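Asks: This structure is in structure tokens; I'll ask about it shortly.
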Amino acid sequence: MHKGGSGGPPAPRWGFGGKTPIVPLFLLLCAAGLLLGLFALAALLPYPELTAFRARSYSLVLRDRQGLVLRVFPAEDGFHREWADLGEIPPSVVRIFLRAEDRRFYFHGGVDLLAVLGSALRNLRAGRVVSGASTITMQLARLIRPHPPTLRGKIAEAADALRLEARLSKAEILELWINNIPFGSNIEGLSAMGRARFGRSAAALDESRAALLAVVPRRPGRYDPARNPGEAVAAALALSVRCGLVPDEAALRAAAAEAAAPAGSDRAPFFAPHFTGRAAAAFKAAAPGTAAGAVPGRLPRTTLDLELQTYGEELLRRSLAELGDNRVTNGAILAIENDTGAVRLYAGSASWFDDAVSGKIDGVRIRNQSGSCLKPFLYALALDSGFTPAEILPDLPTVFGGPEAYIPSNFNRRFNGPVRLRVALASSLNIPAVYTLERLGVEAFEDYLVSLGFDSIADTRFSHGTGLALGNGEVSLEELVRAFSAFPRGGLLPSLRWWEAGDDEGEARRVMSPYAAWVIADILSDRASRFTGFGPAPALATDFPAMFKTGTANQFQHIWALGASRRFTLGVWMGNFSGETVIGRTGSSIPARIAAELLRVLEGPEDPALPDRRGNGAGGPSGPLGGPPPETAEGVLICALSGMAAGPDCGGVLREWLPRNRRSGPCTWHHPGGLAYPPEYQAWLEERFRWGRGAAGPSFADAAGSIRLPVSGSVYYLDPALPPEAQALRLETAGFAPEAAVSLDGILQGVLNSAGVYALPLFRGRHRVTVEDETGAAAWTDFEVR
């Protein structure tokens with residue numbers, strides 16, 4: 001019998017007022033299921049705006065090989081928008097932005113109902129909108145798909161926020177938002193704003209700078225520290241208090257002053273602008289159709305060494321200061337790593353910002369006459385065409401070309417008679433180079449240069465003549481450096497590399513035989529052979545194996561130097577972009593000095609991992625730059641004068657590296673009775689040493705009276721840079737008696753000197769020169785001066 005209550009059964013202990021919980025529980029489960037269904041639907045329904053937003057372009061941030069930022073290119077829409085992985089940003093910086101915008105970010109599903117309720121109450125009390133309730137997710141939704149600021153727009157924004165929460169993790173939402181926060185001034189994202197105002201990426205921000213930036217999005221025109229530092233500091237102090245931080249007013253004011261300094265509106269780095277422009281173009285070309293920075297934060301580093309770049313630019317500016325009075329106002333430097341083709345230094349001009357001397361023009365790519373810098377490639381072609389480094393070439397006054405005569409001369413205005421190919425190249429003698437080009441053919445040399453990557457020659461093919469041997473074709477510094485690196489590379493031409501890519505050495509192709517490459521490298525590192533043309537050349541003296549080639553264009557407008565060690569190749573150009581004639585003779589010693597100094601910096605201290613890295617510093621036929629000679633070469637003792645195999649009567653004997661099975665016969669110039677030069681060197685030797693006929697000295701074959709120069713039918717041109725009275729035409733004869741009479745157009749001019757030479761005056765018109773001696777021997781020739 002039940003006591004103390006009604007006659008019914010007792011209510012369950014888990015019930016609600018004695019009623020069964022089945023209906024409320026069912027309704028709760030239905031609501032949960034509906035919510036989950038909506039959540040799943042939000043995750044599954046297409047969201048093309050989010051896909052497009054995540055694929056938007058970001059600023060292209062270029063770094064040097066050590067990770068230092070060189071330059072930041074804006075995104076394709078013109079905005080400065082850098083990407084930073086969330087894990088890179090200091091947690092304290094992230095915390096400040098969370099507390100400033102969405103304190104309960106990790107506790108809501110995209111819409112903060114408590115914040116909505118609180119905002120509604122505050123707005124009702126104020127009678128106007130004084131507070132919003134947008135969460136970070138809702139702000140991101142508004143960036144992805146903007147809505148009008150109406151009730152319907154707010155509902156759509158909240159729905160999009162739920163869609164975002166269904167698709168992305170909290171970390172992904174926060175990362176996407178923090179990299180796209182609008183700060184005004186075409187700046188979006190924390191990293192871009194930190195760099196613009198403080199020269200720092202998001203990863204390098206501290207709490208004070210973060211607090212200053214966290215208040216900007218609310219009112220960019222008012223709280224930007226670059227515009228209103230006082231307002232920004234006041235807002236940041238208030239934010240710090242709300243965030244529970246101990247505000248450091250002094251630090252905030254110092255940071256605001258930094259942002260408001262003259263450069264505060266744009267502190268993005270701007271190093272090596274010509275190089276970074278090329279690297280950015282290379283990135284886009286390597287991934288056509290890909291927006292710059294579309295894979296944010298995943299770019300490899302560039303190959304540039306910023307420390308080397310800075311030193312090279314300063315060295316160039318100091319050297320140009322020495323030539324300011326000569327109209328040499330600009331210059332360029334390019335240095336690459338031989339093994340990979342990686343660009344380590346790229347200075348397109350002395351200063352990008354100096355518009356007075358056209359500093360924005362890229363001197364690495366512009367085409368100019370190169371002077372003697374093409375000679376190494378000419379002789380490489382000769383070696384691969386059957387010449388040897390012992391080949392004897394005439395360094396004599398010579399007329400080249402057809403009816404329009406071309407008479408080159410050497411830089412030192414001397415003629416050296418018979419010279420070996422090694423000496424002709426090392427001393428950069430002009431006449432042997434033109435003689436070699438005539439034998440090989442101008443078109444063959446043009447084709448060879450094109451195969452070496454000289455697109456400039458391809459564009460001007462068939463327009464050069466024999467002057468191409470002396471650099472009358474316009475080429476770029478980039479073409480020269482890349483081709484010059486084939487010598488220390490054993491004949492392989494590299495592709496230039498702009499991006500660090502692990503162990504990838506870049507594409508290379510063979511453009512010359514290993515023998516030709518080794519011999520040219522050996523010659524240009526041979527100080528003894530260089531002495532004929534340059535003397536001791538202290539600017540080119542290095543304590544490690546190095547090869548050099550210099551060049552000076554006509555009128556000295558362009559001066560060049562190329563240099564290479566085993567590991568690096570570089571080139572220096574100096575001149576001006578305006579084409580003005582340089583005042584005075586500048587010579588190529590200054591760019592050569594820059595090249596040698598930069599090679600010293602590149603080589604750095606002794607590296608024991610590199611055998612024979614410094615060598616003996618003396619060069620010579622067994623110089624170490626090219627490493628051991630190739631298997632196709634053999635060392636042969638030759639006569640230093642004739643280049644033939646050394647005989648018992650040869651006074652000077654040296655070792656030369658010749659192709660195997662290419663030994664010549666013994667020297668025929670030296671014999672027990674003395675030295676017999678070939679007849680073509682008679683006038684040269686007599687004039688040089690003042691040996692008259694019958695005097696003791698070398699013997700020659702008998703020759704009748706004749707005029708060697710000028711050649712009949714030749715056409716000469718007056719140099720407009722010199723007064724006519726300062727110009728003369730060399731008359732060279734053979735076989736006449738001493739003091740033979742010289743007449744021009746029937747008027748006696750004078751008599752030949754003991755070498756059979758006379759300097760004829762030059763004036764425009766057609767002329768006949770006649771030479772007659774006391775024995776009755778006579779000869780004449782016709783020529784024209786224009």
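How things are named: the first chain in the structure tokens is A, the next is B, and so on; residues count from 1 in each chain; ligands count from 1 in the order shown.
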I need the helix (DSSP H, G or I) residues of segment 484-531 of chain A per DSSP on the backbone, written as JSON, numbers by chain.
Replies: {"A": [484, 514, 515, 516, 517, 518, 519, 520, 521, 522, 523, 524, 527, 528, 529, 530, 531]}
Asks: Please dump the current selection as a PDB file, in the first residue's frame; keep N, CA, C and O atoms.
Replies:
```pdb
ATOM      1  N   PHE A 484      81.966  33.841 -72.859  1.00  0.00           N
ATOM      2  CA  PHE A 484      83.315  33.773 -72.284  1.00  0.00           C
ATOM      3  C   PHE A 484      83.411  32.645 -71.262  1.00  0.00           C
ATOM      4  O   PHE A 484      84.482  32.048 -71.082  1.00  0.00           O
ATOM      5  N   PRO A 514      86.991  20.760 -76.513  1.00  0.00           N
ATOM      6  CA  PRO A 514      87.723  20.953 -75.255  1.00  0.00           C
ATOM      7  C   PRO A 514      89.128  21.492 -75.481  1.00  0.00           C
ATOM      8  O   PRO A 514      89.630  22.271 -74.664  1.00  0.00           O
ATOM      9  N   TYR A 515      89.759  21.110 -76.590  1.00  0.00           N
ATOM     10  CA  TYR A 515      91.114  21.598 -76.886  1.00  0.00           C
ATOM     11  C   TYR A 515      91.103  23.110 -77.102  1.00  0.00           C
ATOM     12  O   TYR A 515      91.911  23.849 -76.526  1.00  0.00           O
ATOM     13  N   ALA A 516      90.176  23.604 -77.954  1.00  0.00           N
ATOM     14  CA  ALA A 516      90.124  25.041 -78.233  1.00  0.00           C
ATOM     15  C   ALA A 516      89.818  25.827 -76.963  1.00  0.00           C
ATOM     16  O   ALA A 516      90.446  26.858 -76.690  1.00  0.00           O
ATOM     17  N   ALA A 517      88.862  25.352 -76.166  1.00  0.00           N
ATOM     18  CA  ALA A 517      88.514  26.053 -74.928  1.00  0.00           C
ATOM     19  C   ALA A 517      89.698  26.089 -73.975  1.00  0.00           C
ATOM     20  O   ALA A 517      89.992  27.128 -73.365  1.00  0.00           O
ATOM     21  N   TRP A 518      90.404  24.960 -73.840  1.00  0.00           N
ATOM     22  CA  TRP A 518      91.533  24.898 -72.913  1.00  0.00           C
ATOM     23  C   TRP A 518      92.660  25.819 -73.363  1.00  0.00           C
ATOM     24  O   TRP A 518      93.262  26.538 -72.548  1.00  0.00           O
ATOM     25  N   VAL A 519      92.966  25.829 -74.651  1.00  0.00           N
ATOM     26  CA  VAL A 519      94.067  26.661 -75.149  1.00  0.00           C
ATOM     27  C   VAL A 519      93.752  28.142 -74.975  1.00  0.00           C
ATOM     28  O   VAL A 519      94.612  28.925 -74.550  1.00  0.00           O
ATOM     29  N   ILE A 520      92.522  28.561 -75.310  1.00  0.00           N
ATOM     30  CA  ILE A 520      92.170  29.980 -75.153  1.00  0.00           C
ATOM     31  C   ILE A 520      92.254  30.382 -73.683  1.00  0.00           C
ATOM     32  O   ILE A 520      92.789  31.446 -73.338  1.00  0.00           O
ATOM     33  N   ALA A 521      91.737  29.551 -72.777  1.00  0.00           N
ATOM     34  CA  ALA A 521      91.843  29.853 -71.347  1.00  0.00           C
ATOM     35  C   ALA A 521      93.293  29.931 -70.915  1.00  0.00           C
ATOM     36  O   ALA A 521      93.677  30.795 -70.116  1.00  0.00           O
ATOM     37  N   ASP A 522      94.119  29.041 -71.454  1.00  0.00           N
ATOM     38  CA  ASP A 522      95.531  29.031 -71.107  1.00  0.00           C
ATOM     39  C   ASP A 522      96.237  30.292 -71.618  1.00  0.00           C
ATOM     40  O   ASP A 522      97.031  30.900 -70.914  1.00  0.00           O
ATOM     41  N   ILE A 523      95.902  30.690 -72.840  1.00  0.00           N
ATOM     42  CA  ILE A 523      96.533  31.882 -73.419  1.00  0.00           C
ATOM     43  C   ILE A 523      96.169  33.138 -72.632  1.00  0.00           C
ATOM     44  O   ILE A 523      97.033  33.970 -72.308  1.00  0.00           O
ATOM     45  N   LEU A 524      94.896  33.293 -72.318  1.00  0.00           N
ATOM     46  CA  LEU A 524      94.446  34.524 -71.659  1.00  0.00           C
ATOM     47  C   LEU A 524      94.801  34.569 -70.177  1.00  0.00           C
ATOM     48  O   LEU A 524      94.554  35.567 -69.514  1.00  0.00           O
ATOM     49  N   ARG A 527     100.604  35.407 -68.514  1.00  0.00           N
ATOM     50  CA  ARG A 527     101.129  36.765 -68.331  1.00  0.00           C
ATOM     51  C   ARG A 527     102.323  37.040 -69.224  1.00  0.00           C
ATOM     52  O   ARG A 527     102.524  38.162 -69.685  1.00  0.00           O
ATOM     53  N   ALA A 528     103.131  36.029 -69.483  1.00  0.00           N
ATOM     54  CA  ALA A 528     104.325  36.239 -70.309  1.00  0.00           C
ATOM     55  C   ALA A 528     103.929  36.631 -71.729  1.00  0.00           C
ATOM     56  O   ALA A 528     104.498  37.555 -72.317  1.00  0.00           O
ATOM     57  N   SER A 529     102.941  35.949 -72.301  1.00  0.00           N
ATOM     58  CA  SER A 529     102.517  36.273 -73.660  1.00  0.00           C
ATOM     59  C   SER A 529     101.806  37.618 -73.713  1.00  0.00           C
ATOM     60  O   SER A 529     101.836  38.306 -74.733  1.00  0.00           O
ATOM     61  N   ARG A 530     101.171  38.020 -72.627  1.00  0.00           N
ATOM     62  CA  ARG A 530     100.459  39.286 -72.579  1.00  0.00           C
ATOM     63  C   ARG A 530     101.416  40.477 -72.575  1.00  0.00           C
ATOM     64  O   ARG A 530     101.036  41.599 -72.924  1.00  0.00           O
ATOM     65  N   PHE A 531     102.657  40.255 -72.208  1.00  0.00           N
ATOM     66  CA  PHE A 531     103.612  41.339 -72.014  1.00  0.00           C
ATOM     67  C   PHE A 531     103.834  42.143 -73.283  1.00  0.00           C
ATOM     68  O   PHE A 531     104.023  43.359 -73.234  1.00  0.00           O
TER      69      PHE A 531
END
```
Asks: Hey, what's within 10 Å of Gly651 of chain A if we count only C-alpha atoms and toss same-chain stuff fewer than 5 positions away? As a list in words, please?
Replies: Cys639, Ala640, Leu641, Ala646 and His670 of chain A
Asks: Compare A:Asp526, A:Asp206, A:Asp339, A:Glu307 by their minimum atom-to-atom distance to Ala424 of chain A, counting only C-alpha atoms, and give me the closest one.
Replies: A:Asp526
Asks: Which residue, A:Ala226, A:Ile173, A:Ala286, A:Ala236, has the smallest gap to Ala250 of chain A when you use only C-alpha atoms?
Replies: A:Ala236
Asks: Write out as a list in words which residues come within 7 Å of Thr329 of chain A when counting only C-alpha atoms, dropping same-chain ones fewer than 2 positions away.
Replies: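 These residues fall inside the cut-off: Leu320, Gly324, Arg327, Val357, Gly575 and Asn576 of chain A.
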Asks: Kindly give the distance, in Å, that separates atom CA of Ser428 of chain A and atom CA of Lys549 of chain A, rounded to a single decimal.
Replies: 8.3 Å
Asks: Quick one: everything within 12 Å of segment 453-458 of chain A, counting only C-alpha atoms, minus sequence neighbours fewer than 4 positions away in the same chain. Send it as a ChimeraX atom specification.
Replies: /A:365-370,374,377,442-449,462-464,468,471-486,492-496,508-511
